[in-house]
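Participant: Please find one structure pasted underneath; my questions will follow.
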Amino acid sequence: MAEDFSYDEIAENFFAPVYPIVAKAILDTTGVRTGRLLDLGCGGGHLGFELLDRGDFESAVFADANPEALRVAEKRAEERGLRPVMKTSRQDACALDLPESSFDLIVSRGSMPFWDDQRAAFEGIYRLLAPGGWAYVGGGLGNAEIGEQIKRKMTEERDRNGDEGPWCFDRKNSKALTDDEYRALFAETDAELTIINTDDEGHWIILAKPAA
Ligand SMILES: C[S@@+](CC[C@H](N)C(=O)[O-])C[C@H]1O[C@@H](n2cnc3c(N)ncnc32)[C@H](O)[C@@H]1O
């Protein structure tokens, strides 16, 4: 994804119903509603904002490789009065440069398929988690019904506009590992790993770091 940020139009117009469902699933599964939040590959920040609205987080870092995404997220934070708790940070998920053990909840939606070095990214994410912290990383379209509606709209968009554009991401180009490879990645660590991989919820790698 280059520095063009046309994806945001899709997030606004097509994916809007997805974020509340994903945010609720994250909060229900992890039980983390306070502390420090990181939204990695945040794009325009839709998931991070949904979590800030629903939880009681003391601070949030919205991180992305694309400075234009960060600019959009900052503008939205301003409009929502969230600028005091929200910071942005330009980060490559594969070479995370943030303090160790500094987040209680790390979320990432729709970014993982673009990460060239999945091992480095997941090791980095785990390193950034505070003891007792959780990471919820992957992708999903909310539920099967909303997912089908979105896929229909994306196909219409593709038919209208051709094969170039953010509506054209093909899962076969995903750089995600297989679930067994993710399991192997964490087999030797103290991480508690859960993988969700269903048509309804999508594909999520969930990590819990034991409390100290
Ligand atoms: C499909 S968008 C998803 C945005 C947002 N999380 C959402 O759910 O609407 C993917 C985002 O991941 C970012 N991204 C891709 N590769 C990245 C990397 N290696 N490190 C950090 N961000 C990355 C892109 O810039 C883009 O904003």
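Ordered as shown in the structure tokens, chains take letters A, B, and onward, while each chain numbers its residues from 1 and ligands are numbered from 1 in the order shown.
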Within 9 Å of ligand 1, counting only C-alpha atoms and all ligand atoms: which residues, as a PyMOL selection string?
Facilitator: chain A and resi 1-5+7-8+10-12+15-16+18-19+39-48+63-70+90-96+107-117+121+139-140+166+169
Participant: Residues of range 30-82 of chain A within 10 Å of range 122-133 of chain A: nearest atom pair and distance (Å, one decimal) for each, counting only C-alpha atoms, sorted by chain and number, as CSV?
Facilitator:
```
residue,atom,partner,partner_atom,distance
A:Thr30,CA,A:Gly133,CA,8.6
A:Gly31,CA,A:Gly133,CA,10.0
A:Val32,CA,A:Gly133,CA,7.8
A:Gly35,CA,A:Gly133,CA,9.5
A:Arg36,CA,A:Ala130,CA,9.3
A:Leu37,CA,A:Leu129,CA,9.9
A:Leu38,CA,A:Leu128,CA,9.4
A:Leu40,CA,A:Ile125,CA,9.2
```
Participant: I need the residues from that last selection saved to file as a PDB file, in the first residue's frame (with C-alpha atoms), if you can.
Facilitator:
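Saved as selection.pdb:
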```pdb
ATOM      1  CA  THR A  30      -9.785  -9.857  26.258  1.00  0.00           C
ATOM      2  CA  GLY A  31     -11.648  -8.087  29.048  1.00  0.00           C
ATOM      3  CA  VAL A  32      -9.135  -5.220  28.652  1.00  0.00           C
ATOM      4  CA  GLY A  35      -4.665   1.084  30.329  1.00  0.00           C
ATOM      5  CA  ARG A  36      -2.679   1.700  27.159  1.00  0.00           C
ATOM      6  CA  LEU A  37      -4.008   0.820  23.713  1.00  0.00           C
ATOM      7  CA  LEU A  38      -2.107   0.373  20.437  1.00  0.00           C
ATOM      8  CA  LEU A  40      -1.308  -1.098  14.657  1.00  0.00           C
TER       9      LEU A  40
END
```
Participant: Quick one: pull the distance between CA of Glu74 in chain A and CA of Met154 in chain A, Å, one decimal.
Facilitator: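 Spanning CA of Glu74 in chain A to CA of Met154 in chain A is a straight-line distance of 26.9 Å.
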Participant: Tell me, in Å to one decimal, how far CA of Asp180 in chain A is from CA of Ala212 in chain A.
Facilitator: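 Separation between CA of Asp180 in chain A and CA of Ala212 in chain A: 27.5 Å.
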Participant: Going by DSSP on the backbone, which bits of range 42-107 of chain A are alpha helix (DSSP H)? Write them as a PyMOL selection string, please.
Facilitator: chain A and resi 46-54+67-79
Participant: Would you mind listing what lies within 10 Å of range 198-202 of chain A as number ranges by chain, with only C-alpha atoms counted and same-chain residues fewer than 5 positions away left out?
Facilitator: A: 21-22, 25, 138-148
Participant: Excluding Asp190 in chain A and any residue of its chain fewer than 3 positions from it, enumerate the residues within 8 Å of it, using only C-alpha atoms, and give them as number ranges by chain.
Facilitator: A: 186, 209-210
